[in-house]
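To start, the structure itself, in C-alpha cells.
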2 protein chains.
Amino acid sequence: MNNKERREHISSYIESKGEASIAELAKLYPEISAMTLRRDLNYLEEEHKIIRTRGGAKAVSFITDNINEEKFLKQKLVHIEEKNIIAKKAVKFIVPGRSIFLDAGSTMMCLAKIMPDERYYVFTSAPNVAMEVMYTTSSVVHLTGGEMSRDNLAVAGAGAVDFMKNINIDIAFITVPGFSLSNGFSCGNVNDCQLKKAIVERAEKVIVLMDSSKVGINMPYTYARLSDIDILISDGKLPQDFIDEAEKNNVTIL
Amino acid sequence: MNNKERREHISSYIESKGEASIAELAKLYPEISAMTLRRDLNYLEEEHKIIRTRGGAKAVSFITDNINEEKFLKQKLVHIEEKNIIAKKAVKFIVPGRSIFLDAGSTMMCLAKIMPDERYYVFTSAPNVAMEVMYTTSSVVHLTGGEMSRDNLAVAGAGAVDFMKNINIDIAFITVPGFSLSNGFSCGNVNDCQLKKAIVERAEKVIVLMDSSKVGINMPYTYARLSDIDILISDGKLPQDFIDEAEKNNVTIL
DNA sequence: TCTCCAATTGTTCAAAATTAACATCTTAAT
DNA sequence: ATTAAGATGTTAATTTTGAACAATTGGAGA
C-alpha cells in the first residue's frame, strides 16, 4: 500500500468513525510510525478532509453533523455505524441518469455522502441533503420550496407538494419517524406527511430506509402502509412479526 | 468580569477571527492564566461552540465556511472582517416580526449569524442561509424551491420566481456579483437574475450589500439599477464617482 | 457581619504530543 | 547502475497538556 492509498484509507476511516487518535491509527497500521501518521493527518488537514486535533483528528462532516443534529435538532444520535449499514445497502439502488427523490434525515445524509460521483437528477426536501449531494456528486439538484421545520430540517408545505406533483420520480428513498403494524409508516408533521404521501404515490419504486428502533412507534400522521412500498432497508435487527407482515405485502427486506 | 462573560467573549472572539491560540488569548487576557484559558476552551468545546486544536481552538462556523466556500465553491474568500463590517451595518435594519428576504452569498451568511434571536418571517433562496437563520433565530423560515446552482449555492428557477410572486416582503437584502455604472447590478445566472429582479420589484425596501471589490465588474444579466434600490451597504471603500451617482439616485450609502 | 462551603483560578510538574533535524529507505527516471 | 526526489523512521528538544494540589473568591446562611 502506497502513501496515497493509506491516506485515503485514513481519511475514510475518520470519516466513518467521526474522529480518531494517532494511537488508534497506529494500531490500525502497526508497521507505520507515528511520525508518518502525523504527516498523513497534516496532509489531510490541508486538503480540508479532516480537522487536526491534539493527538488525532476529527472528520469535517462529523463536526457539521454535530451542529445540525446534536446541537440544533437536539435529537439523540443513533450510532453512525448503524446508519452507514443502511446507507451502504441503499446506495446500490442509485443508478446514474435517473430521477431520484431523497427524503430528509440523518440516514439520508449518510447516503448522500457515499453516493458515487455521477450525474443524477436529485429531488429533495432537505437543504442539508441537497448541499451534500451537490458536494458529493455532479448531479442536478432540485430542492422543494416551502417552510422549514425545526423537527427534521426539511422544507414542506403546499408549495412543496405542488412542486413534486409535476415531477416524475424513478426511485424515492423515504425515511421513517415511526412505524407500527396497525398504523403503518407515520410522522409527526402534517406538511411532511402530505409531501411524503405525494412522493410515495408518484414514485415508480419506493425504498424505505428504517432502523429497527422505529418499529412500534406511532406518530400522528400515517403517510404509507407496507403495501405501498417496494423495498425496505434496515440495520438487520427487525422483529420477526414485522418481517412476516412485510413479506405478506411483497416488500423486499434488506 | 466573571468566567461566564469571559467564556462568551472568548467564544465570540474565536467566532469572529475563525481561530485563536492560547498564546493569543493570553495576550488578550493578561491577568488570566493559561490553565484557565485551556479550561475555558475545553468548556466551549463541550458546548460545541468551538473545536479544540493543539495550542488553541477553531470556530465551528469557520470550519463549515471553509467547506462551503473554499473547498466547494472554490471562490477566494474576501476577508471575513470586511463581510462582518457590512453585516453589522445591515443587521440594524432587521426588525422583529417583519417579512424579510435574504439573498444568497457569504455576506448573507455573516448577516444570518449575527441576527438577534427574535422571530422574523424570513424568505431566502439559499439553503445554507436558511439553516443558519433557523439556528440563530426563532424565525419562521421559508425557502424558495428550484434548481440549485453551483455558483452560489442558491436555488432558482421558475418555481422560485412563482413562489416569491405571492409573498409580501418588507425588506429585501440583496447581494451583488457585479456592478458597473453603465450596466447596474448584474449577475451571471439567468435564473438567479429573474429571482432577484422579482424580489427587487416586490419588496417595500431594497437594501443592497456590496463590498467595494464588486465595482467595475460586469456580469451578463442586469437585475437592478441604482434607481431601483433604497440603501447600499458597503465596506466603506467605494470610489467617489460611484458615490456621486448613487446620491443622484437617492440611494443612501452606509 | 462573619463563617463556611463550593466554585473558580493559579501553580507546579510529569506525561504526552509535536516539531525539527537528520538518517535511511524506495522508487522511478535516465 | 546511478541518481535524485520523495517517503519514512529515529532521535532529541520543545511545546502543550492534564492532574493534583494550593490559593482565592463569592455567596448563602447563621
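Residue names in the C-alpha cells use chain letters A, B, ... in the order shown, residue numbers from 1 in each chain, and ligand numbers from 1 in the order shown.
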Pull the closest atom pair for each residue of chain A that gets at most 12 Å from chain C, along with the distance in Å to one decimal, counting only C-alpha atoms (C1' of nucleotides), ordering rows by chain and then ascending residue number, as a Markdown table.
| residue | atom | partner | partner_atom | distance |
| --- | --- | --- | --- | --- |
| A:Asn2 | CA | C:DT26 | C1' | 10.6 |
| A:Asn3 | CA | C:DT26 | C1' | 11.8 |
| A:Ser21 | CA | C:DA17 | C1' | 11.2 |
| A:Ile22 | CA | C:DA17 | C1' | 9.7 |
| A:Ala23 | CA | C:DA17 | C1' | 10.9 |
| A:Ala34 | CA | C:DA17 | C1' | 10.4 |
| A:Met35 | CA | C:DT18 | C1' | 9.3 |
| A:Arg38 | CA | C:DT18 | C1' | 9.0 |
| A:Arg39 | CA | C:DT18 | C1' | 10.9 |
| A:Asn42 | CA | C:DT18 | C1' | 11.6 |
| A:Thr53 | CA | C:DA17 | C1' | 10.6 |
| A:Arg54 | CA | C:DA17 | C1' | 7.2 |
| A:Gly55 | CA | C:DA17 | C1' | 6.3 |
| A:Gly56 | CA | C:DA17 | C1' | 9.7 |
Expected answer as a PyMOL selection string: chain B residues within 8 Å of chain A, only C-alpha atoms:
chain B and resi 48+52-54+60+63-64+66-67+71-72+127-128+131+134-135+140-148+150+153+155+159-160+163
As an exercise, work out the distance from atom CA of Phe62 of chain B to atom CA of Gly18 of chain B in Å and give it to one decimal place.
5.0 Å
Who sits within 6 Å of segment 224-234 of chain B, only C-alpha atoms (C1' of nucleotides), same chain under 3 positions skipped, as a VMD selection string:
chain B and resid 86 184 to 185 206 to 211 249 251 to 254
Let me see the file: selected residues, N, CA and C atoms, as an mmCIF file, in the first residue's frame.
data_model
loop_
_atom_site.group_PDB
_atom_site.id
_atom_site.type_symbol
_atom_site.label_atom_id
_atom_site.label_comp_id
_atom_site.auth_asym_id
_atom_site.auth_seq_id
_atom_site.Cartn_x
_atom_site.Cartn_y
_atom_site.Cartn_z
ATOM 1 N N ILE B 86 -19.852 44.869 6.862
ATOM 2 C CA ILE B 86 -21.100 45.068 6.102
ATOM 3 C C ILE B 86 -22.284 44.470 6.862
ATOM 4 N N GLY B 184 -25.352 48.691 -14.194
ATOM 5 C CA GLY B 184 -26.028 48.490 -12.922
ATOM 6 C C GLY B 184 -25.600 47.203 -12.244
ATOM 7 N N PHE B 185 -26.515 46.636 -11.433
ATOM 8 C CA PHE B 185 -26.216 45.412 -10.688
ATOM 9 C C PHE B 185 -26.471 44.207 -11.572
ATOM 10 N N VAL B 206 -35.454 47.992 -0.531
ATOM 11 C CA VAL B 206 -34.371 47.139 -1.046
ATOM 12 C C VAL B 206 -33.031 47.623 -0.507
ATOM 13 N N ILE B 207 -32.359 46.739 0.208
ATOM 14 C CA ILE B 207 -31.039 47.058 0.752
ATOM 15 C C ILE B 207 -30.010 46.165 0.065
ATOM 16 N N VAL B 208 -29.050 46.791 -0.579
ATOM 17 C CA VAL B 208 -28.029 46.036 -1.294
ATOM 18 C C VAL B 208 -26.758 45.974 -0.458
ATOM 19 N N LEU B 209 -26.205 44.778 -0.350
ATOM 20 C CA LEU B 209 -24.953 44.578 0.381
ATOM 21 C C LEU B 209 -23.849 44.314 -0.635
ATOM 22 N N MET B 210 -22.889 45.230 -0.703
ATOM 23 C CA MET B 210 -21.867 45.088 -1.739
ATOM 24 C C MET B 210 -20.509 45.534 -1.205
ATOM 25 N N ASP B 211 -19.504 44.679 -1.341
ATOM 26 C CA ASP B 211 -18.171 45.153 -0.979
ATOM 27 C C ASP B 211 -17.542 45.833 -2.188
ATOM 28 N N ASN B 249 -29.292 59.221 -7.399
ATOM 29 C CA ASN B 249 -30.452 58.323 -7.450
ATOM 30 C C ASN B 249 -31.116 58.127 -6.088
ATOM 31 N N VAL B 251 -29.978 57.089 -3.350
ATOM 32 C CA VAL B 251 -29.590 55.892 -2.611
ATOM 33 C C VAL B 251 -28.793 56.316 -1.385
ATOM 34 N N THR B 252 -29.199 55.812 -0.238
ATOM 35 C CA THR B 252 -28.438 56.072 0.982
ATOM 36 C C THR B 252 -27.251 55.123 1.024
ATOM 37 N N ILE B 253 -26.068 55.664 1.210
ATOM 38 C CA ILE B 253 -24.886 54.809 1.276
ATOM 39 C C ILE B 253 -24.379 54.719 2.704
ATOM 40 N N LEU B 254 -24.161 53.499 3.160
ATOM 41 C CA LEU B 254 -23.675 53.286 4.534
ATOM 42 C C LEU B 254 -22.395 52.474 4.495
#
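Between atom CA of Ser11 of chain B and atom CA of Leu41 of chain B the separation is 8.4 Å.
Residues of chain D having any atom within 12 Å of chain B, counting only C-alpha atoms (C1' of nucleotides), are DT15, DT16, DT17, DG18, DA19, DT25 and DG26 of chain D.
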Keeping N, CA and C atoms (P, O5', C5', C4', C3', O3' and C1' of nucleotides), export the residues of the selection given above as a PDB file, in the first residue's frame.
ATOM      1  P    DT D  15       9.518  25.987  22.693  1.00  0.00           P
ATOM      2  O5'  DT D  15       8.081  25.324  22.664  1.00  0.00           O
ATOM      3  C5'  DT D  15       7.576  24.822  21.435  1.00  0.00           C
ATOM      4  C4'  DT D  15       6.254  24.150  21.688  1.00  0.00           C
ATOM      5  C3'  DT D  15       5.315  24.951  22.607  1.00  0.00           C
ATOM      6  O3'  DT D  15       4.088  25.108  21.925  1.00  0.00           O
ATOM      7  C1'  DT D  15       5.527  22.707  23.369  1.00  0.00           C
ATOM      8  P    DT D  16       2.867  25.952  22.567  1.00  0.00           P
ATOM      9  O5'  DT D  16       1.945  24.800  23.131  1.00  0.00           O
ATOM     10  C5'  DT D  16       1.610  23.731  22.271  1.00  0.00           C
ATOM     11  C4'  DT D  16       0.886  22.669  23.050  1.00  0.00           C
ATOM     12  C3'  DT D  16      -0.220  23.211  23.969  1.00  0.00           C
ATOM     13  O3'  DT D  16      -1.437  22.621  23.561  1.00  0.00           O
ATOM     14  C1'  DT D  16       1.179  21.648  25.119  1.00  0.00           C
ATOM     15  P    DT D  17      -2.776  22.973  24.346  1.00  0.00           P
ATOM     16  O5'  DT D  17      -2.833  21.816  25.423  1.00  0.00           O
ATOM     17  C5'  DT D  17      -2.722  20.467  24.982  1.00  0.00           C
ATOM     18  C4'  DT D  17      -2.586  19.543  26.162  1.00  0.00           C
ATOM     19  C3'  DT D  17      -3.667  19.723  27.231  1.00  0.00           C
ATOM     20  O3'  DT D  17      -4.530  18.606  27.174  1.00  0.00           O
ATOM     21  C1'  DT D  17      -1.469  19.403  28.167  1.00  0.00           C
ATOM     22  P    DG D  18      -5.882  18.593  28.005  1.00  0.00           P
ATOM     23  O5'  DG D  18      -5.474  17.820  29.336  1.00  0.00           O
ATOM     24  C5'  DG D  18      -4.830  16.564  29.210  1.00  0.00           C
ATOM     25  C4'  DG D  18      -4.485  16.039  30.582  1.00  0.00           C
ATOM     26  C3'  DG D  18      -5.606  16.174  31.615  1.00  0.00           C
ATOM     27  O3'  DG D  18      -5.559  15.019  32.430  1.00  0.00           O
ATOM     28  C1'  DG D  18      -3.715  17.380  32.348  1.00  0.00           C
ATOM     29  P    DA D  19      -6.739  14.694  33.437  1.00  0.00           P
ATOM     30  O5'  DA D  19      -5.962  14.355  34.781  1.00  0.00           O
ATOM     31  C5'  DA D  19      -4.643  13.803  34.710  1.00  0.00           C
ATOM     32  C4'  DA D  19      -3.922  14.039  36.017  1.00  0.00           C
ATOM     33  C3'  DA D  19      -4.851  14.124  37.236  1.00  0.00           C
ATOM     34  O3'  DA D  19      -4.272  13.414  38.312  1.00  0.00           O
ATOM     35  C1'  DA D  19      -3.552  16.083  37.078  1.00  0.00           C
ATOM     36  P    DT D  25      -8.780  37.170  46.006  1.00  0.00           P
ATOM     37  O5'  DT D  25     -10.243  36.769  45.534  1.00  0.00           O
ATOM     38  C5'  DT D  25     -10.427  36.194  44.252  1.00  0.00           C
ATOM     39  C4'  DT D  25     -11.828  35.639  44.141  1.00  0.00           C
ATOM     40  C3'  DT D  25     -12.925  36.559  44.699  1.00  0.00           C
ATOM     41  O3'  DT D  25     -13.876  36.803  43.696  1.00  0.00           O
ATOM     42  C1'  DT D  25     -13.178  34.344  45.519  1.00  0.00           C
ATOM     43  P    DG D  26     -14.934  38.003  43.893  1.00  0.00           P
ATOM     44  O5'  DG D  26     -16.319  37.223  43.862  1.00  0.00           O
ATOM     45  C5'  DG D  26     -16.362  35.854  43.448  1.00  0.00           C
ATOM     46  C4'  DG D  26     -17.683  35.247  43.889  1.00  0.00           C
ATOM     47  C3'  DG D  26     -18.712  36.252  44.438  1.00  0.00           C
ATOM     48  O3'  DG D  26     -20.002  35.766  44.149  1.00  0.00           O
ATOM     49  C1'  DG D  26     -18.104  34.754  46.130  1.00  0.00           C
TER      50       DG D  26
END
Residues of segment 148-183 of chain B classed as helix (DSSP H, G or I) by DSSP on the backbone are to be reported as a PDB file with C-alpha atoms, in the first residue's frame.
ATOM      1  CA  ALA B 158     -39.358  29.247 -12.486  1.00  0.00           C
ATOM      2  CA  GLY B 159     -40.585  27.670  -9.263  1.00  0.00           C
ATOM      3  CA  ALA B 160     -38.672  30.114  -7.115  1.00  0.00           C
ATOM      4  CA  VAL B 161     -39.963  33.141  -9.027  1.00  0.00           C
ATOM      5  CA  ASP B 162     -43.561  31.918  -8.801  1.00  0.00           C
ATOM      6  CA  PHE B 163     -43.084  31.251  -5.117  1.00  0.00           C
ATOM      7  CA  MET B 164     -41.900  34.776  -4.439  1.00  0.00           C
ATOM      8  CA  LYS B 165     -44.565  36.420  -6.593  1.00  0.00           C
TER       9      LYS B 165
END
Expected answer as a PyMOL selection string: strand (DSSP E) residues in segment 134-242 of chain B:
chain B and resi 140-143+146-148+155-156+171-175+178-180+184-187+205-209+221-224+231-233
Output the selection as an mmCIF file, in the first residue's frame - C-alpha atoms for each residue.
data_model
loop_
_atom_site.group_PDB
_atom_site.id
_atom_site.type_symbol
_atom_site.label_atom_id
_atom_site.label_comp_id
_atom_site.auth_asym_id
_atom_site.auth_seq_id
_atom_site.Cartn_x
_atom_site.Cartn_y
_atom_site.Cartn_z
ATOM 1 C CA VAL B 140 -40.301 31.145 10.517
ATOM 2 C CA VAL B 141 -38.052 30.332 7.585
ATOM 3 C CA HIS B 142 -39.251 29.788 4.044
ATOM 4 C CA LEU B 143 -37.023 28.520 1.295
ATOM 5 C CA GLY B 146 -35.935 25.202 -7.520
ATOM 6 C CA GLU B 147 -32.707 24.050 -9.014
ATOM 7 C CA MET B 148 -29.564 24.585 -7.036
ATOM 8 C CA VAL B 155 -31.869 27.711 -5.627
ATOM 9 C CA ALA B 156 -33.532 29.487 -8.503
ATOM 10 C CA ILE B 171 -37.149 44.482 3.430
ATOM 11 C CA ALA B 172 -35.047 42.618 0.912
ATOM 12 C CA PHE B 173 -31.321 42.189 1.410
ATOM 13 C CA ILE B 174 -29.680 41.617 -1.961
ATOM 14 C CA THR B 175 -26.091 40.653 -2.739
ATOM 15 C CA GLY B 178 -21.019 42.659 -10.137
ATOM 16 C CA PHE B 179 -21.737 46.350 -10.609
ATOM 17 C CA SER B 180 -20.856 48.970 -13.175
ATOM 18 C CA GLY B 184 -26.028 48.490 -12.922
ATOM 19 C CA PHE B 185 -26.216 45.412 -10.688
ATOM 20 C CA SER B 186 -25.639 42.207 -12.603
ATOM 21 C CA CYS B 187 -25.180 38.508 -12.061
ATOM 22 C CA LYS B 205 -37.413 48.465 0.778
ATOM 23 C CA VAL B 206 -34.371 47.139 -1.046
ATOM 24 C CA ILE B 207 -31.039 47.058 0.752
ATOM 25 C CA VAL B 208 -28.029 46.036 -1.294
ATOM 26 C CA LEU B 209 -24.953 44.578 0.381
ATOM 27 C CA TYR B 221 -27.600 39.756 -16.604
ATOM 28 C CA THR B 222 -28.643 43.054 -15.051
ATOM 29 C CA TYR B 223 -31.219 42.671 -12.282
ATOM 30 C CA ALA B 224 -31.354 46.214 -10.919
ATOM 31 C CA ILE B 231 -29.941 51.643 0.664
ATOM 32 C CA LEU B 232 -26.484 50.408 -0.221
ATOM 33 C CA ILE B 233 -24.243 48.995 2.472
#
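Separating atom CA of Glu45 of chain B from atom CA of Leu25 of chain B is a distance of 15.7 Å.
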